[in-house]
Amino acid sequence: MVYVLLGEGFEESEAIVPVDLLRRAGAEVALVGLGGSQVRSSHGIVVQADAGLDQVDLETMEMLVLPGGLGGVDTILKTPAALELVQEAGERGCWIGAICAAPSILAHMGLLDRRHAACNPCVWDDMGSAAVDRQAQVVADGRIITAQAAGAAFLFGLKLVEALKGPEAAEKVRGGVLYRG
């Protein structure tokens, strides 16, 4: 199971594009609403969550995805149960994906210490000991996948598919959506 954390103010494309691509690849994905079943995005789009934090099944969690959007990141940082879930995902060796400002959450928690990462320039100074590749749109280091910003949402989603389902599945999805980037 893939869980995608939606905090109030999340960036739409950074959540929805990866969810769409993962589902096209056959992954089971649940949008997890922080603070309610309907979550307002950074641009005022209300998204219906599939589950609340209390419904996350740690035993089936294969991947945890953190979309960016400064509001969404702030919501995650202010939600202790969400931070506990991120820590648990790291301790269990689950895949973790974070895009835009969300990699700063992983850095804050020590999960990116001395790892390569991509993130939005607005959080470069918040990345601690992470080796930030300021040119890369997507970086995978171990079981952590990070991405730069909304413009990398397709590449990020395809990398998540590749991690979970393999390169052939990622290429099939890429072809199916006619992504040429």
# chains A, B, ... in the order shown; residues from 1 in each chain; ligands from 1
$ residues_around --residues "stretch 15-27 of chain A" --least-positions-apart "5" --cutoff "9 Å" --atoms "only C-alpha atoms" --output "PyMOL selection string"
chain A and resi 1-2+4-6+10+65-68+153-158+160-161+164-165+169-170+172-174+176-177
$ select_by_dssp --residues "stretch 5-153 of chain A" --states "helix (DSSP H, G or I)" --output "PyMOL selection string"
chain A and resi 12-24+53-55+70-77+80-92+103-108+121-126+150-153
$ select_by_dssp --residues "chain A" --states "strand (DSSP E)" --output "VMD selection string"
chain A and resid 2 to 6 29 to 33 38 to 40 46 to 48 51 to 52 63 to 66 95 to 99 116 to 117 131 to 132 138 to 141 144 to 147
$ closest_residue --among "A:Ile99, A:Val39, A:Cys119, A:Val32" --to "A:Leu85" --atoms "only C-alpha atoms"
A:Val32
$ atom_distance --atom1 "atom CA of A:Val29" --atom2 "atom CA of A:Ala136"
26.2 Å
$ residues_around --residues "A:Gln87" --least-positions-apart "4" --cutoff "9 Å" --atoms "only C-alpha atoms" --output "JSON, numbers by chain"
{"A": [82, 83, 91, 92, 106, 109, 111]}
$ residues_around --residues "A:Gly93" --least-positions-apart "6" --cutoff "12 Å" --atoms "only C-alpha atoms" --output "PyMOL selection string"
chain A and resi 58-59+61-64+86-87+111+142-144
$ write_last_selection --atoms "N, CA and C atoms" --output "PDB file, in the first residue's frame"
ATOM      1  N   LEU A  58       0.313   0.021   9.095  1.00  0.00           N
ATOM      2  CA  LEU A  58       1.768  -0.053   9.013  1.00  0.00           C
ATOM      3  C   LEU A  58       2.255  -1.368   8.418  1.00  0.00           C
ATOM      4  N   GLU A  59       1.512  -2.424   8.642  1.00  0.00           N
ATOM      5  CA  GLU A  59       1.925  -3.744   8.156  1.00  0.00           C
ATOM      6  C   GLU A  59       1.890  -3.839   6.634  1.00  0.00           C
ATOM      7  N   MET A  61       2.107  -1.001   4.589  1.00  0.00           N
ATOM      8  CA  MET A  61       2.723   0.186   3.989  1.00  0.00           C
ATOM      9  C   MET A  61       4.025  -0.181   3.286  1.00  0.00           C
ATOM     10  N   GLU A  62       4.057   0.046   1.972  1.00  0.00           N
ATOM     11  CA  GLU A  62       5.259  -0.161   1.175  1.00  0.00           C
ATOM     12  C   GLU A  62       5.953   1.164   0.870  1.00  0.00           C
ATOM     13  N   MET A  63       5.132   2.224   0.797  1.00  0.00           N
ATOM     14  CA  MET A  63       5.666   3.528   0.401  1.00  0.00           C
ATOM     15  C   MET A  63       4.853   4.625   1.063  1.00  0.00           C
ATOM     16  N   LEU A  64       5.548   5.692   1.435  1.00  0.00           N
ATOM     17  CA  LEU A  64       4.914   6.886   1.981  1.00  0.00           C
ATOM     18  C   LEU A  64       5.355   8.062   1.118  1.00  0.00           C
ATOM     19  N   VAL A  86       6.096   9.143   9.372  1.00  0.00           N
ATOM     20  CA  VAL A  86       7.296   9.309   8.551  1.00  0.00           C
ATOM     21  C   VAL A  86       8.469   8.572   9.200  1.00  0.00           C
ATOM     22  N   GLN A  87       8.634   8.743  10.505  1.00  0.00           N
ATOM     23  CA  GLN A  87       9.719   8.064  11.228  1.00  0.00           C
ATOM     24  C   GLN A  87       9.562   6.548  11.145  1.00  0.00           C
ATOM     25  N   LEU A 111      16.518  11.808   8.252  1.00  0.00           N
ATOM     26  CA  LEU A 111      16.411  10.719   7.273  1.00  0.00           C
ATOM     27  C   LEU A 111      17.232  10.980   6.010  1.00  0.00           C
ATOM     28  N   GLY A 142      19.142   5.268  -1.991  1.00  0.00           N
ATOM     29  CA  GLY A 142      18.589   4.179  -1.190  1.00  0.00           C
ATOM     30  C   GLY A 142      17.099   4.070  -1.452  1.00  0.00           C
ATOM     31  N   ARG A 143      16.316   4.037  -0.399  1.00  0.00           N
ATOM     32  CA  ARG A 143      14.865   3.899  -0.538  1.00  0.00           C
ATOM     33  C   ARG A 143      14.142   5.236  -0.387  1.00  0.00           C
ATOM     34  N   ILE A 144      14.880   6.328  -0.591  1.00  0.00           N
ATOM     35  CA  ILE A 144      14.279   7.660  -0.522  1.00  0.00           C
ATOM     36  C   ILE A 144      14.393   8.323  -1.888  1.00  0.00           C
TER      37      ILE A 144
END
$ residues_around --residues "A:Glu84" --least-positions-apart "5" --cutoff "12 Å" --atoms "only C-alpha atoms" --output "number ranges by chain"
A: 53-54, 56, 58, 76-79, 89-91, 105-106, 109
$ atom_distance --atom1 "atom CA of A:Asn120" --atom2 "atom CA of A:Cys100"
4.6 Å
$ closest_residue --among "A:Gly128, A:Gly72, A:Pro121, A:Gly9" --to "A:Ser42" --atoms "only C-alpha atoms"
A:Gly9
$ residues_around --residues "A:Asp126" --least-positions-apart "3" --cutoff "9 Å" --atoms "only C-alpha atoms" --output "number ranges by chain"
A: 104-105, 107-108, 122-123
$ decode --residues "stretch 143-157 of chain A" --atoms "all heavy atoms" --output "compact mmCIF listing (two decimals), in the first residue's frame"
# COMPACT_ATOMS: atom_id res chain seq x y z
N ARG A 143 16.32 4.04 -0.40
CA ARG A 143 14.87 3.90 -0.54
C ARG A 143 14.14 5.24 -0.39
O ARG A 143 12.95 5.26 -0.09
CB ARG A 143 14.35 2.86 0.45
CG ARG A 143 14.92 1.46 0.13
CD ARG A 143 14.45 0.38 1.04
NE ARG A 143 13.05 0.07 0.93
CZ ARG A 143 12.51 -0.77 0.03
NH1 ARG A 143 13.27 -1.34 -0.87
NH2 ARG A 143 11.22 -1.03 0.05
N ILE A 144 14.88 6.33 -0.59
CA ILE A 144 14.28 7.66 -0.52
C ILE A 144 14.39 8.32 -1.89
O ILE A 144 15.47 8.39 -2.47
CB ILE A 144 14.94 8.53 0.56
CG1 ILE A 144 14.73 7.89 1.95
CG2 ILE A 144 14.38 9.95 0.54
CD1 ILE A 144 15.39 8.61 3.09
N ILE A 145 13.25 8.81 -2.37
CA ILE A 145 13.18 9.49 -3.66
C ILE A 145 12.70 10.91 -3.41
O ILE A 145 11.65 11.12 -2.79
CB ILE A 145 12.21 8.75 -4.61
CG1 ILE A 145 12.71 7.32 -4.85
CG2 ILE A 145 12.06 9.51 -5.93
CD1 ILE A 145 11.70 6.41 -5.50
N THR A 146 13.49 11.87 -3.88
CA THR A 146 13.13 13.27 -3.69
C THR A 146 13.07 13.97 -5.04
O THR A 146 13.70 13.53 -6.00
CB THR A 146 14.15 13.99 -2.78
OG1 THR A 146 15.47 13.78 -3.30
CG2 THR A 146 14.07 13.47 -1.34
N ALA A 147 12.30 15.04 -5.08
CA ALA A 147 12.15 15.78 -6.35
C ALA A 147 12.08 17.27 -6.08
O ALA A 147 11.72 17.71 -4.98
CB ALA A 147 10.92 15.29 -7.10
N GLN A 148 12.36 18.03 -7.13
CA GLN A 148 12.55 19.47 -7.02
C GLN A 148 11.27 20.27 -6.82
O GLN A 148 11.22 21.11 -5.93
CB GLN A 148 13.27 19.96 -8.26
CG GLN A 148 13.82 21.34 -8.16
CD GLN A 148 14.64 21.66 -9.40
OE1 GLN A 148 14.11 21.71 -10.49
NE2 GLN A 148 15.92 21.86 -9.20
N ALA A 149 10.26 20.07 -7.66
CA ALA A 149 9.08 20.94 -7.58
C ALA A 149 7.97 20.39 -8.47
O ALA A 149 8.11 19.33 -9.07
CB ALA A 149 9.45 22.36 -7.99
N ALA A 150 6.89 21.15 -8.58
CA ALA A 150 5.72 20.73 -9.35
C ALA A 150 6.08 20.34 -10.79
O ALA A 150 5.50 19.41 -11.34
CB ALA A 150 4.67 21.84 -9.35
N GLY A 151 7.05 21.02 -11.37
CA GLY A 151 7.46 20.71 -12.74
C GLY A 151 8.06 19.33 -12.89
O GLY A 151 8.16 18.81 -13.99
N ALA A 152 8.44 18.71 -11.79
CA ALA A 152 9.03 17.37 -11.81
C ALA A 152 8.02 16.30 -11.41
O ALA A 152 8.39 15.15 -11.21
CB ALA A 152 10.23 17.31 -10.88
N ALA A 153 6.74 16.65 -11.31
CA ALA A 153 5.73 15.72 -10.79
C ALA A 153 5.66 14.43 -11.61
O ALA A 153 5.53 13.33 -11.05
CB ALA A 153 4.36 16.38 -10.72
N PHE A 154 5.73 14.52 -12.95
CA PHE A 154 5.68 13.31 -13.77
C PHE A 154 6.92 12.45 -13.57
O PHE A 154 6.82 11.24 -13.38
CB PHE A 154 5.49 13.65 -15.26
CG PHE A 154 4.06 13.68 -15.68
CD1 PHE A 154 3.34 14.85 -15.64
CD2 PHE A 154 3.42 12.52 -16.11
CE1 PHE A 154 2.01 14.89 -16.02
CE2 PHE A 154 2.09 12.54 -16.48
CZ PHE A 154 1.37 13.72 -16.44
N LEU A 155 8.10 13.07 -13.60
CA LEU A 155 9.33 12.31 -13.38
C LEU A 155 9.34 11.67 -12.00
O LEU A 155 9.77 10.53 -11.83
CB LEU A 155 10.55 13.22 -13.55
CG LEU A 155 10.86 13.66 -14.97
CD1 LEU A 155 11.99 14.68 -14.98
CD2 LEU A 155 11.22 12.47 -15.84
N PHE A 156 8.89 12.42 -11.01
CA PHE A 156 8.81 11.91 -9.63
C PHE A 156 7.87 10.71 -9.58
O PHE A 156 8.22 9.66 -9.06
CB PHE A 156 8.32 13.05 -8.72
CG PHE A 156 8.12 12.68 -7.28
CD1 PHE A 156 9.16 12.24 -6.49
CD2 PHE A 156 6.87 12.84 -6.69
CE1 PHE A 156 8.98 11.95 -5.14
CE2 PHE A 156 6.67 12.54 -5.35
CZ PHE A 156 7.73 12.09 -4.58
N GLY A 157 6.67 10.87 -10.13
CA GLY A 157 5.70 9.77 -10.13
C GLY A 157 6.22 8.54 -10.84
O GLY A 157 6.04 7.41 -10.37
